[in-house]
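Peer 1: To be precise about what I am sending: the file is called input-v5.cif and holds mmCIF, C-alpha atoms.
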data_model
loop_
_atom_site.label_atom_id
_atom_site.label_comp_id
_atom_site.auth_asym_id
_atom_site.auth_seq_id
_atom_site.Cartn_x
_atom_site.Cartn_y
_atom_site.Cartn_z
CA MET A 18 93.45 116.17 94.53
CA HIS A 19 96.49 113.95 95.00
CA THR A 20 98.64 114.31 98.08
CA GLU A 21 102.05 112.74 97.92
CA HIS A 22 104.30 111.66 100.74
CA VAL A 23 107.93 111.05 99.80
CA ILE A 24 109.95 108.41 101.63
CA LEU A 25 113.66 108.02 100.89
CA PHE A 26 115.51 104.74 101.14
CA ALA A 27 119.21 105.33 101.77
CA GLY A 28 122.20 103.34 102.87
CA PRO A 29 125.45 101.88 101.60
CA MET A 30 125.68 99.85 98.44
CA GLY A 31 124.35 96.33 98.89
CA ALA A 32 122.24 97.05 101.98
CA GLY A 33 118.98 96.13 100.21
CA LYS A 34 117.36 99.42 99.19
CA THR A 35 116.17 98.18 95.80
CA ALA A 36 114.89 94.94 97.33
CA ALA A 37 113.04 96.86 100.05
CA ILE A 38 111.24 99.09 97.57
CA SER A 39 110.37 96.05 95.45
CA ALA A 40 108.89 94.38 98.51
CA LEU A 41 106.64 97.36 99.28
CA SER A 42 105.72 98.82 95.91
CA GLU A 43 102.40 98.09 94.24
CA ILE A 44 104.01 98.74 90.83
CA PRO A 45 107.07 97.07 89.37
CA VAL A 46 110.01 99.07 90.61
CA VAL A 47 111.55 101.44 88.11
CA SER A 48 115.12 100.36 88.64
CA THR A 49 118.30 102.02 87.42
CA GLU A 50 121.02 99.41 87.71
CA ALA A 51 124.41 99.38 86.01
CA LEU A 52 127.48 97.20 86.26
CA ASN A 53 129.22 97.62 89.59
CA THR A 54 132.79 98.76 89.05
CA ASP A 55 133.45 99.38 92.74
CA LEU A 56 134.00 95.79 93.86
CA ALA A 57 136.02 96.94 96.86
CA ALA A 58 132.85 98.49 98.31
CA SER A 59 130.54 95.60 97.42
CA ALA A 60 130.74 92.31 95.58
CA LYS A 61 127.37 92.94 93.90
CA LEU A 62 127.32 92.58 90.14
CA THR A 63 125.11 95.62 89.63
CA THR A 64 124.35 98.77 91.58
CA THR A 65 121.78 101.57 91.47
CA VAL A 66 123.07 104.61 89.61
CA ALA A 67 120.06 106.89 89.67
CA LEU A 68 116.83 106.57 91.64
CA ASP A 69 114.77 103.47 92.19
CA TYR A 70 111.09 104.30 92.28
CA GLY A 71 108.09 102.54 93.71
CA GLN A 72 104.75 103.66 95.11
CA ILE A 73 101.82 102.78 97.31
CA THR A 74 98.47 104.35 96.42
CA LEU A 75 96.18 105.03 99.34
CA GLU A 76 92.53 105.97 99.49
CA ASP A 77 91.41 109.53 98.70
CA GLY A 78 94.19 109.98 96.16
CA HIS A 79 97.09 109.94 98.62
CA VAL A 80 100.27 108.37 97.30
CA ILE A 81 103.40 107.27 99.14
CA ARG A 82 106.34 107.63 96.78
CA LEU A 83 109.32 105.43 97.57
CA TYR A 84 112.66 106.67 96.26
CA GLY A 85 115.80 104.59 96.57
CA VAL A 86 118.84 106.82 96.41
CA PRO A 87 122.15 105.43 95.15
CA GLY A 88 124.46 104.50 98.00
CA GLN A 89 127.78 105.80 96.74
CA GLU A 90 129.09 109.05 98.15
CA ARG A 91 129.50 110.62 94.71
CA PHE A 92 125.70 110.83 94.56
CA GLU A 93 125.57 113.04 97.65
CA PHE A 94 124.16 115.89 95.58
CA VAL A 95 121.09 113.72 94.91
CA TRP A 96 120.62 113.07 98.66
CA LYS A 97 120.67 116.83 99.31
CA LEU A 98 118.12 117.60 96.61
CA LEU A 99 115.60 115.03 97.75
CA GLN A 100 115.67 115.73 101.47
CA THR A 101 113.60 118.88 101.30
CA ARG A 102 110.71 117.01 99.66
CA ALA A 103 110.78 113.92 101.84
CA VAL A 104 108.90 113.32 105.08
CA GLY A 105 110.69 110.16 106.10
CA LEU A 106 113.91 108.20 105.74
CA VAL A 107 114.46 104.46 105.78
CA LEU A 108 118.16 103.90 106.39
CA LEU A 109 119.20 100.35 105.54
CA LEU A 110 122.52 99.06 106.83
CA ASP A 111 124.34 95.89 105.90
CA ALA A 112 125.39 93.86 108.95
CA CYS A 113 128.13 92.30 106.81
CA ALA A 114 129.66 95.67 105.90
CA LYS A 115 133.08 96.62 107.22
CA ASP A 116 131.69 99.06 109.81
CA PRO A 117 127.91 99.42 110.00
CA VAL A 118 128.21 101.81 112.96
CA GLU A 119 130.31 104.16 110.84
CA ASP A 120 127.59 103.95 108.19
CA VAL A 121 125.01 105.01 110.83
CA ASP A 122 126.98 108.16 111.59
CA PHE A 123 127.75 108.90 107.97
CA PHE A 124 124.24 108.65 106.60
CA LEU A 125 122.43 110.30 109.50
CA ASP A 126 124.84 113.20 109.23
CA HIS A 127 124.14 113.57 105.51
CA PHE A 128 120.40 113.42 106.05
CA LYS A 129 120.24 115.75 109.05
CA GLU A 130 118.16 118.25 107.10
CA LEU A 131 115.43 115.64 106.70
CA LEU A 132 115.69 114.63 110.36
CA ARG A 133 114.90 118.20 111.40
CA HIS A 134 111.45 118.17 109.84
CA GLY A 135 110.76 114.46 109.38
CA ALA A 136 111.38 111.06 110.87
CA ALA A 137 113.62 108.07 110.29
CA VAL A 138 113.88 104.37 110.98
CA VAL A 139 116.89 102.11 110.58
CA GLY A 140 116.81 98.55 109.24
CA VAL A 141 119.84 96.29 109.60
CA THR A 142 119.89 93.61 106.92
CA ARG A 143 121.76 90.32 106.59
CA THR A 144 122.22 89.89 110.35
CA ASP A 145 121.90 86.12 109.86
CA LEU A 146 125.06 86.21 107.72
CA ALA A 147 127.17 88.42 109.96
CA ALA A 148 129.40 86.90 112.64
CA ASN A 149 129.58 90.18 114.55
CA GLU A 150 127.19 92.00 116.83
CA ALA A 151 126.31 94.57 114.17
CA PHE A 152 122.69 94.94 115.20
CA ALA A 153 123.48 95.44 118.89
CA ARG A 154 126.22 97.95 118.06
CA CYS A 155 123.94 99.95 115.76
CA CYS A 156 121.27 99.99 118.50
CA ALA A 157 123.80 101.25 121.02
CA ARG A 158 125.02 103.98 118.65
CA LEU A 159 121.51 105.19 117.92
CA ARG A 160 120.58 105.20 121.62
CA GLN A 161 123.61 107.43 122.19
CA HIS A 162 122.99 110.04 119.52
CA HIS A 163 119.54 109.55 118.00
CA GLU A 164 117.37 108.06 120.67
CA ARG A 165 114.14 108.66 118.77
CA ILE A 166 115.15 106.56 115.77
CA PRO A 167 114.09 102.91 116.05
CA VAL A 168 116.31 100.19 114.67
CA PHE A 169 115.07 96.80 113.49
CA GLU A 170 116.54 93.64 112.05
CA VAL A 171 114.98 93.05 108.66
CA ASP A 172 115.20 90.99 105.53
CA ALA A 173 114.73 93.65 102.85
CA ARG A 174 113.10 91.08 100.53
CA ASP A 175 110.41 90.23 103.06
CA ARG A 176 107.27 92.28 102.51
CA ALA A 177 105.83 91.66 105.97
CA GLN A 178 109.00 92.87 107.66
CA MET A 179 109.27 95.92 105.43
CA VAL A 180 105.62 96.76 106.17
CA VAL A 181 106.48 96.84 109.87
CA LEU A 182 109.36 99.21 109.13
CA LEU A 183 107.15 101.47 107.04
CA THR A 184 104.37 101.45 109.65
CA ALA A 185 106.82 102.54 112.35
CA LEU A 186 108.14 105.29 110.08
CA ILE A 187 104.71 106.66 109.20
CA THR A 188 103.75 106.58 112.89
CA LEU A 189 106.77 108.73 113.68
CA VAL A 190 106.13 111.03 110.69
CA GLN A 191 102.63 111.72 112.00
CA MET A 192 103.91 112.32 115.55
CA ARG A 193 106.51 114.71 114.18
CA GLU A 194 103.93 116.64 112.15
CA THR A 195 101.73 116.97 115.23
CA GLU A 196 104.70 118.20 117.28
CA LEU A 197 105.65 120.79 114.69
CA GLU A 198 102.07 122.04 114.50
CA ALA A 199 101.87 122.31 118.28
CA ASN A 200 105.09 124.36 118.56
CA MET B 10 101.12 70.82 135.81
CA PRO B 11 104.78 71.63 136.17
CA LEU B 12 107.16 68.95 137.39
CA LEU B 13 107.71 69.94 141.00
CA SER B 14 111.27 70.89 141.81
CA ILE B 15 112.99 70.40 145.18
CA PRO B 16 112.67 73.46 147.38
CA ASN B 17 115.96 75.27 147.69
CA GLU B 18 117.18 75.07 151.32
CA HIS B 19 120.48 76.79 150.69
CA GLY B 20 119.32 80.29 150.17
CA ASP B 21 120.59 82.69 147.58
CA ARG B 22 124.28 81.77 147.26
CA PRO B 23 126.61 83.12 144.63
CA GLU B 24 127.10 80.81 141.70
CA ALA B 25 129.00 77.67 142.46
CA ALA B 26 129.58 74.65 140.30
CA ASN B 27 126.52 72.91 141.67
CA GLN B 28 123.26 73.28 139.90
CA ARG B 29 120.19 73.56 142.03
CA GLU B 30 116.54 73.59 141.27
CA LEU B 31 114.55 76.65 142.14
CA PRO B 32 111.72 76.81 144.63
CA GLU B 33 108.57 75.15 143.41
CA ALA B 34 106.58 76.96 140.77
CA GLN B 35 102.90 77.37 141.35
CA ALA B 36 101.12 74.25 140.16
CA SER B 37 98.92 76.09 137.71
CA SER B 38 101.64 78.35 136.26
CA SER B 39 102.60 78.22 132.66
CA LEU B 40 106.27 78.72 131.90
CA ALA B 41 105.40 82.20 130.58
CA ARG B 42 103.96 83.19 133.96
CA THR B 43 106.95 81.76 135.80
CA LEU B 44 109.36 83.68 133.57
CA ALA B 45 107.37 86.88 134.08
CA ARG B 46 107.66 86.41 137.83
CA LEU B 47 111.41 85.81 137.55
CA GLY B 48 111.75 88.92 135.42
CA ARG B 49 109.89 91.07 137.96
CA GLU B 50 112.02 89.65 140.80
CA HIS B 51 115.19 90.63 138.87
CA HIS B 52 116.47 87.11 139.11
CA ARG B 53 120.28 87.02 138.91
CA HIS B 54 121.25 83.41 138.31
CA ASN B 55 121.48 81.90 134.87
CA LEU B 56 118.77 79.33 134.36
CA ARG B 57 118.22 76.15 132.42
CA VAL B 58 114.65 75.10 131.72
CA ARG B 59 113.83 71.60 130.49
CA ILE B 60 110.47 71.82 128.79
CA ALA B 61 108.61 68.58 128.24
CA ASP B 62 107.97 67.88 124.55
CA PHE B 63 110.20 70.76 123.45
CA GLY B 64 113.75 70.72 124.79
CA LEU B 65 116.09 73.10 126.55
CA LEU B 66 115.81 76.81 127.14
CA GLU B 67 118.71 78.58 128.81
CA LEU B 68 118.54 82.11 130.19
CA HIS B 69 121.92 83.84 130.54
CA PHE B 70 121.22 86.98 132.56
CA ASP B 71 124.93 87.88 132.62
CA GLN B 72 125.05 87.80 128.81
CA CYS B 73 121.53 89.28 128.39
CA SER B 74 120.71 86.40 126.05
CA TYR B 75 118.72 83.20 125.87
CA ARG B 76 119.37 80.03 123.97
CA THR B 77 117.14 77.18 122.81
CA ASP B 78 117.92 73.81 121.29
CA PHE B 79 114.58 73.82 119.48
CA PRO B 80 113.42 76.24 116.75
CA VAL B 81 112.63 79.73 118.03
CA ALA B 82 109.38 79.61 116.06
CA GLU B 83 108.14 77.03 118.61
CA LEU B 84 108.90 79.28 121.55
CA PRO B 85 105.37 80.72 122.00
CA ARG B 86 103.99 77.17 122.27
CA ALA B 87 106.84 76.12 124.55
CA LEU B 88 106.14 79.04 126.87
CA SER B 89 102.56 77.90 127.38
CA ALA B 90 103.89 74.56 128.68
CA ARG B 91 103.02 73.50 132.20
CA ARG B 92 105.51 70.62 132.40
CA TYR B 93 109.00 71.98 132.93
CA VAL B 94 111.88 72.07 135.41
CA VAL B 95 113.83 75.22 136.16
CA THR B 96 117.42 74.84 137.35
CA ALA B 97 119.94 77.51 138.33
CA ILE B 98 123.27 77.07 136.53
CA GLY B 99 126.67 78.70 136.78
CA THR B 100 127.93 81.67 134.81
CA HIS B 101 130.20 79.67 132.51
CA VAL B 102 128.51 79.56 129.12
CA ASP B 103 129.48 76.82 126.71
CA THR B 104 129.77 77.70 123.07
CA PRO B 105 126.31 77.01 121.66
CA ALA B 106 125.96 73.91 119.53
CA PRO B 107 125.33 74.64 115.82
CA HIS B 108 121.65 73.72 116.12
CA CYS B 109 121.09 76.16 119.01
CA SER B 110 119.97 79.71 118.47
CA GLU B 111 121.01 82.59 120.73
CA ASN B 112 118.86 85.71 121.04
CA PRO B 113 118.39 88.78 123.27
CA LEU B 114 116.76 88.08 126.64
CA THR B 115 114.44 91.07 126.15
CA ASP B 116 112.84 89.23 123.23
CA LEU B 117 112.09 86.21 125.43
CA PHE B 118 110.35 88.27 128.12
CA TRP B 119 108.35 90.11 125.45
CA ILE B 120 107.21 86.84 123.85
CA ALA B 121 106.33 85.39 127.26
CA ALA B 122 104.36 88.47 128.25
CA GLN B 123 102.21 88.23 125.10
CA GLN B 124 100.62 85.20 126.75
CA LEU B 125 99.70 87.13 129.89
CA LYS B 126 97.37 89.71 128.39
CA ASP B 127 94.91 89.39 131.26
CA GLU B 128 97.44 90.33 133.94
CA ALA B 129 96.52 93.38 135.90
CA LEU B 130 98.94 96.22 135.43
CA ALA B 131 100.70 96.89 138.73
CA LEU B 132 101.70 100.47 138.06
CA PRO B 133 100.70 103.81 139.57
CA GLU B 134 98.70 105.80 137.04
CA ASP B 135 100.93 108.84 137.23
CA ALA B 136 104.31 107.09 137.26
CA PRO B 137 106.34 108.57 134.37
CA LEU B 138 107.41 105.97 131.80
CA LYS B 139 109.93 106.23 129.00
CA LEU B 140 110.71 104.12 125.97
CA ALA B 141 114.25 102.78 126.49
CA GLN B 142 114.34 100.83 123.25
CA TRP B 143 111.95 99.88 120.47
CA PRO B 144 111.12 96.15 120.42
CA ASN B 145 112.58 94.44 117.36
CA PHE B 146 109.08 94.24 115.86
CA PRO B 147 109.88 92.53 112.53
CA ARG B 148 111.14 89.54 114.54
CA LEU B 149 108.64 89.58 117.43
CA PRO B 150 104.90 88.92 117.79
CA HIS B 151 103.19 92.30 117.91
CA ARG B 152 100.11 94.31 117.06
CA VAL B 153 99.91 97.65 115.28
CA GLU B 154 98.87 99.27 118.61
CA HIS B 155 102.32 98.37 119.98
CA ILE B 156 103.96 100.36 117.19
CA GLN B 157 101.62 103.30 117.80
CA LEU B 158 102.31 103.31 121.54
CA CYS B 159 106.06 103.18 120.97
CA GLY B 160 105.66 106.13 118.62
CA MET B 161 103.83 108.08 121.34
CA LEU B 162 106.44 107.28 123.97
CA SER B 163 109.36 107.97 121.66
CA GLY B 164 111.00 111.11 123.04
CA HIS B 165 108.04 111.85 125.37
CA PRO B 166 107.93 110.25 128.81
CA MET B 167 104.29 109.68 129.69
CA SER B 168 102.24 108.24 132.49
CA LEU B 169 99.60 105.57 132.10
CA ARG B 170 96.96 108.25 132.68
CA GLU B 171 98.38 110.36 129.84
CA MET B 172 98.58 107.38 127.50
CA ARG B 173 94.89 106.66 128.07
CA ALA B 174 93.98 110.32 127.59
CA HIS B 175 96.04 110.93 124.45
CA SER B 176 95.59 107.71 122.50
CA ALA B 177 92.55 106.27 120.80
CA LEU B 178 93.35 102.84 122.22
CA SER B 179 91.47 100.85 124.81
CA PRO B 180 92.83 100.66 128.38
CA ALA B 181 93.15 96.89 127.89
CA SER B 182 95.42 97.37 124.83
CA ILE B 183 97.57 99.86 126.68
CA ALA B 184 97.83 97.60 129.73
CA ALA B 185 98.78 94.58 127.62
CA PHE B 186 101.47 96.58 125.84
CA LEU B 187 102.90 97.98 129.09
CA ASN B 188 102.92 94.61 130.82
CA ALA B 189 105.00 93.18 128.00
CA ALA B 190 107.23 96.21 127.47
CA LEU B 191 107.98 96.62 131.20
CA ALA B 192 108.71 92.89 131.60
CA ALA B 193 111.13 93.02 128.67
CA GLY B 194 112.73 96.31 129.70
CA TYR B 195 111.69 98.19 126.56
CA VAL B 196 109.72 100.62 128.70
CA GLN B 197 111.12 101.79 132.03
CA ARG B 198 110.05 104.07 134.78
CA CYS B 199 111.86 107.36 134.63
CA SER B 200 112.61 109.94 137.24
CA ASP B 201 110.31 112.87 137.88
CA ASP B 202 113.12 115.16 136.66
CA GLU B 203 113.36 113.36 133.33
CA ALA B 204 109.62 113.73 132.92
CA LEU B 205 109.72 117.38 134.01
CA PHE B 206 112.21 118.46 131.35
CA ALA B 207 110.90 116.26 128.57
CA PRO B 208 109.15 117.67 125.49
CA LYS B 209 105.41 118.19 125.78
CA VAL B 210 103.24 115.11 125.34
CA VAL B 211 101.87 114.78 121.82
CA PRO B 212 98.48 113.13 121.36
CA MET B 213 98.37 110.13 119.07
CA ALA B 214 97.16 111.24 115.66
CA ARG B 215 93.84 109.69 114.74
CA GLY B 216 93.09 108.67 111.18
CA GLY B 217 95.36 110.40 108.72
CA LEU B 218 98.20 108.93 106.75
CA LEU B 219 98.84 106.01 109.09
CA GLN B 220 95.22 104.87 109.01
CA ARG B 221 95.15 105.13 105.22
CA LEU B 222 98.32 103.04 105.03
CA LEU B 223 96.97 100.43 107.44
CA ASN B 224 93.73 100.20 105.43
CA ARG B 225 95.71 99.77 102.22
CA ILE B 226 98.09 97.08 103.43
CA GLY B 227 95.55 95.33 105.62
CA PHE B 228 97.64 95.45 108.77
#
Go ahead and express the file in the form of structure tokens.
Peer 2:
Amino acid sequence: MHTEHVILFAGPMGAGKTAAISALSEIPVVSTEALNTDLAASAKLTTTVALDYGQITLEDGHVIRLYGVPGQERFEFVWKLLQTRAVGLVLLLDACAKDPVEDVDFFLDHFKELLRHGAAVVGVTRTDLAANEAFARCCARLRQHHERIPVFEVDARDRAQMVVLLTALITLVQMRETELEAN
Amino acid sequence: MPLLSIPNEHGDRPEAANQRELPEAQASSSLARTLARLGREHHRHNLRVRIADFGLLELHFDQCSYRTDFPVAELPRALSARRYVVTAIGTHVDTPAPHCSENPLTDLFWIAAQQLKDEALALPEDAPLKLAQWPNFPRLPHRVEHIQLCGMLSGHPMSLREMRAHSALSPASIAAFLNAALAAGYVQRCSDDEALFAPKVVPMARGGLLQRLLNRIGF
């Protein structure tokens, strides 16, 4: 019997969700890119317009399904639908974005349903390109309002770094499940 | 052995323009051990360390950062050096040269503490501990046990006794993690009140999804 564990990858456009899933997935990522017409939000040529999909098959038939949700707010209905099935959230933030701290608040608010029954980690990407203190500010914001959510600096293309992120998330997912069973 | 520095006869003065070398380090101490001692003593003055065969390491306690003029990847080797001079410097911080890298001071103490795994843990068994901040694991040397212990502590202040009882990890692993995390400030002692009103301690899950994942990815 297969048991699946759904992990969502969310975050603003250009934060590295597709790259992160590609780094982790054992199968080529099913990617749904189209021409980016919102150049004010991101200078990327293409953007995800449906769900990216990747997976990691574990022993005994367990599968971790990795879903990358599109980052634009008009896809909010997709975020809502997927939250009930997911056990964990990887929120990727772009250190070069206009206001990564605002993105923290925005996305964690929209995924609060998932946070009630699951766990989350935050990865801040492109910190080597940002002149600001984006990582430190995101850490401070999370310590204020979501002290149980770890935040890491990552290169979303780097498999080793994404494995660390995923390991931390699964650790917290298990702790959360044990807590919920105990209460 | 470390280059011996001139004993400081002037006591602990506030920063002035003059630089002065700190009291002599123990002859057999690696730089990592010296930094760990400085961290425990809550040293206040910014420091410059000249490390033979490596270069300069500056610790800016007022900025909570450190700076090196050699690649950060060489830092673990540099910290095992026994030939170095530690000098107290003023609070004025020059703009780092382009080839210098600037990083959080917590990372430096964590990296240094990884070399002191055999240090005895000087901590009462029932002292409540909390996780103040997760180490930036993707950028720091770590083991999977460190991630598991952070997960346990996340949202649940615990004592050393409870960590031993509720995890599947060896006392040596737990001690090594706590030595590093306490030195870096990632784990802190909390008040008895904080521990009293905290959520119930949750045992570390054994096996399960995490173990399957670790087996699959070969962590």
Peer 1: Which polymer residues have any atom within 12 Å of an atom of range 153-164 of chain A, counting all atoms listed in the file, with same-chain residues fewer than 4 positions away left out, as a ChimeraX atom specification?
Peer 2: /A:108-112,116-122,125-126,129,132-133,136-142,144,147,149,168-170 /B:73-74,112-113,139-145,162-165
Peer 1: Can you write out the residues you just picked, keeping C-alpha atoms, as a CSV table (one decimal), in the coordinates of the input?
Peer 2:
chain,number,residue,atom,x,y,z
A,108,LEU,CA,118.2,103.9,106.4
A,109,LEU,CA,119.2,100.4,105.5
A,110,LEU,CA,122.5,99.1,106.8
A,111,ASP,CA,124.3,95.9,105.9
A,112,ALA,CA,125.4,93.9,109.0
A,116,ASP,CA,131.7,99.1,109.8
A,117,PRO,CA,127.9,99.4,110.0
A,118,VAL,CA,128.2,101.8,113.0
A,119,GLU,CA,130.3,104.2,110.8
A,120,ASP,CA,127.6,104.0,108.2
A,121,VAL,CA,125.0,105.0,110.8
A,122,ASP,CA,127.0,108.2,111.6
A,125,LEU,CA,122.4,110.3,109.5
A,126,ASP,CA,124.8,113.2,109.2
A,129,LYS,CA,120.2,115.8,109.0
A,132,LEU,CA,115.7,114.6,110.4
A,133,ARG,CA,114.9,118.2,111.4
A,136,ALA,CA,111.4,111.1,110.9
A,137,ALA,CA,113.6,108.1,110.3
A,138,VAL,CA,113.9,104.4,111.0
A,139,VAL,CA,116.9,102.1,110.6
A,140,GLY,CA,116.8,98.6,109.2
A,141,VAL,CA,119.8,96.3,109.6
A,142,THR,CA,119.9,93.6,106.9
A,144,THR,CA,122.2,89.9,110.4
A,147,ALA,CA,127.2,88.4,110.0
A,149,ASN,CA,129.6,90.2,114.6
A,168,VAL,CA,116.3,100.2,114.7
A,169,PHE,CA,115.1,96.8,113.5
A,170,GLU,CA,116.5,93.6,112.0
B,73,CYS,CA,121.5,89.3,128.4
B,74,SER,CA,120.7,86.4,126.0
B,112,ASN,CA,118.9,85.7,121.0
B,113,PRO,CA,118.4,88.8,123.3
B,139,LYS,CA,109.9,106.2,129.0
B,140,LEU,CA,110.7,104.1,126.0
B,141,ALA,CA,114.2,102.8,126.5
B,142,GLN,CA,114.3,100.8,123.2
B,143,TRP,CA,112.0,99.9,120.5
B,144,PRO,CA,111.1,96.2,120.4
B,145,ASN,CA,112.6,94.4,117.4
B,162,LEU,CA,106.4,107.3,124.0
B,163,SER,CA,109.4,108.0,121.7
B,164,GLY,CA,111.0,111.1,123.0
B,165,HIS,CA,108.0,111.8,125.4
Peer 1: Compile the residues of chain A that lie within 7 Å of chain B, evaluated using all atoms listed in the file, and express the compilation as a PDB file with C-alpha atoms, in the frame of the given file.
Peer 2:
ATOM      1  CA  LEU A  75      96.180 105.030  99.340  1.00  0.00           C
ATOM      2  CA  GLU A  76      92.530 105.970  99.490  1.00  0.00           C
ATOM      3  CA  ARG A 165     114.140 108.660 118.770  1.00  0.00           C
ATOM      4  CA  PRO A 167     114.090 102.910 116.050  1.00  0.00           C
ATOM      5  CA  PHE A 169     115.070  96.800 113.490  1.00  0.00           C
ATOM      6  CA  GLU A 170     116.540  93.640 112.050  1.00  0.00           C
ATOM      7  CA  VAL A 171     114.980  93.050 108.660  1.00  0.00           C
ATOM      8  CA  GLN A 178     109.000  92.870 107.660  1.00  0.00           C
ATOM      9  CA  VAL A 181     106.480  96.840 109.870  1.00  0.00           C
ATOM     10  CA  ALA A 185     106.820 102.540 112.350  1.00  0.00           C
ATOM     11  CA  ILE A 187     104.710 106.660 109.200  1.00  0.00           C
ATOM     12  CA  THR A 188     103.750 106.580 112.890  1.00  0.00           C
ATOM     13  CA  LEU A 189     106.770 108.730 113.680  1.00  0.00           C
ATOM     14  CA  GLN A 191     102.630 111.720 112.000  1.00  0.00           C
ATOM     15  CA  MET A 192     103.910 112.320 115.550  1.00  0.00           C
ATOM     16  CA  THR A 195     101.730 116.970 115.230  1.00  0.00           C
ATOM     17  CA  GLU A 196     104.700 118.200 117.280  1.00  0.00           C
TER      18      GLU A 196
END
Peer 1: Counting all atoms listed in the file, figure out which residue out of B:Asp71, B:Ser110, B:Arg53, B:Leu125 gets nearest to Asp145 in chain A.
Peer 2: B:Ser110
Peer 1: Would you compute, for all listed atoms of range 218-227 of chain B, the axis-aligned bounding box grown by 5 Å on each side, and then report its centre and edge lengths in Å rounded to one decimal, as AutoDock Vina command-line options?
Peer 2:
--center_x 96.3 --center_y 102.1 --center_z 105.7 --size_x 15.1 --size_y 23.6 --size_z 16.9
Peer 1: Please measure the separation of CA of Ser39 in chain A and CA of Ile73 in chain A, giving the value in Å to one decimal.
Peer 2: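 Computing it gives 11.0 Å between the two atoms.
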Peer 1: Distance CA of Arg76 in chain B-CA of Leu183 in chain A, one decimal place?
Peer 2: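 That distance, rounded to one decimal, is 29.9 Å.
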Peer 1: Might you spell out which residues the PyMOL selection byres ((chain B and resi 131) around 10) would select in the displayed file, as a ChimeraX atom specification?
Peer 2: /B:128-130,132-134,184,187-188
Peer 1: Could the residues in this selection be saved with C-alpha atoms as an mmCIF file, keeping the file's coordinate frame?
Peer 2:
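Here's the written file selection_4.cif:
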data_model
loop_
_atom_site.group_PDB
_atom_site.id
_atom_site.type_symbol
_atom_site.label_atom_id
_atom_site.label_comp_id
_atom_site.auth_asym_id
_atom_site.auth_seq_id
_atom_site.Cartn_x
_atom_site.Cartn_y
_atom_site.Cartn_z
ATOM 1 C CA GLU B 128 97.440 90.330 133.940
ATOM 2 C CA ALA B 129 96.520 93.380 135.900
ATOM 3 C CA LEU B 130 98.940 96.220 135.430
ATOM 4 C CA LEU B 132 101.700 100.470 138.060
ATOM 5 C CA PRO B 133 100.700 103.810 139.570
ATOM 6 C CA GLU B 134 98.700 105.800 137.040
ATOM 7 C CA ALA B 184 97.830 97.600 129.730
ATOM 8 C CA LEU B 187 102.900 97.980 129.090
ATOM 9 C CA ASN B 188 102.920 94.610 130.820
#
Peer 1: If you measure from CA of Leu66 in chain B to CA of Ser38 in chain B, what distance in Å do you get, rounded to one decimal?
Peer 2: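 We find that CA of Leu66 in chain B and CA of Ser38 in chain B lie 16.9 Å from each other.
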Peer 1: Restricting the calculation to all atoms listed in the file: of B:Ala193, B:Leu68, B:Val94, B:Leu56, which residue gets closest to Trp119 in chain B?
Peer 2: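 Ranked by minimum distance to Trp119 in chain B, first place goes to B:Ala193.
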Peer 1: Please expand the PyMOL selection byres ((chain B and resi 118) around 8) into the concrete residues it hits in this file, giving the result as a PyMOL selection string.
Peer 2: chain B and resi 44-45+48+114-117+119-122+189+192-193
Peer 1: On this structure, the PyMOL selection byres ((chain A and resi 42) around 8) would catch which residues? List them as a list in words, sorted by chain and number.
Peer 2: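 Output from the PyMOL selection byres ((chain A and resi 42) around 8), applied to this file: Ile38, Ser39, Ala40, Leu41, Glu43, Ile44, Pro45, Val46, Gly71, Gln72, Ile73 and Leu83 of chain A.
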Peer 1: List every protein, DNA or RNA residue with an atom no more than 8 Å from (102.0, 80.2, 131.1) in the file's coordinates, counting all atoms listed in the file, and format the result as a compact mmCIF listing (two decimals) with C-alpha atoms, in the coordinates of the input.
Peer 2:
# COMPACT_ATOMS: atom_id res chain seq x y z
CA SER B 38 101.64 78.35 136.26
CA SER B 39 102.60 78.22 132.66
CA LEU B 40 106.27 78.72 131.90
CA ALA B 41 105.40 82.20 130.58
CA ARG B 42 103.96 83.19 133.96
CA THR B 43 106.95 81.76 135.80
CA LEU B 88 106.14 79.04 126.87
CA SER B 89 102.56 77.90 127.38
CA ALA B 90 103.89 74.56 128.68
CA ARG B 91 103.02 73.50 132.20
CA ALA B 121 106.33 85.39 127.26
CA GLN B 124 100.62 85.20 126.75
CA LEU B 125 99.70 87.13 129.89
Peer 1: If you count all atoms listed in the file, which residues fall within 10 Å of Ala103 in chain A, apart from same-chain ones fewer than 3 positions away, as a PyMOL selection string?
Peer 2: chain A and resi 21-25+82-84+98-100+106+131-132+134-136
Peer 1: Can you work out which one of B:Leu191, B:Ala185, B:Val95, B:Ala177 has the shortest atom-to-atom distance to Leu138 in chain B, counting only C-alpha atoms?
Peer 2: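 The shortest atom-to-atom distance to Leu138 in chain B comes from B:Leu191.
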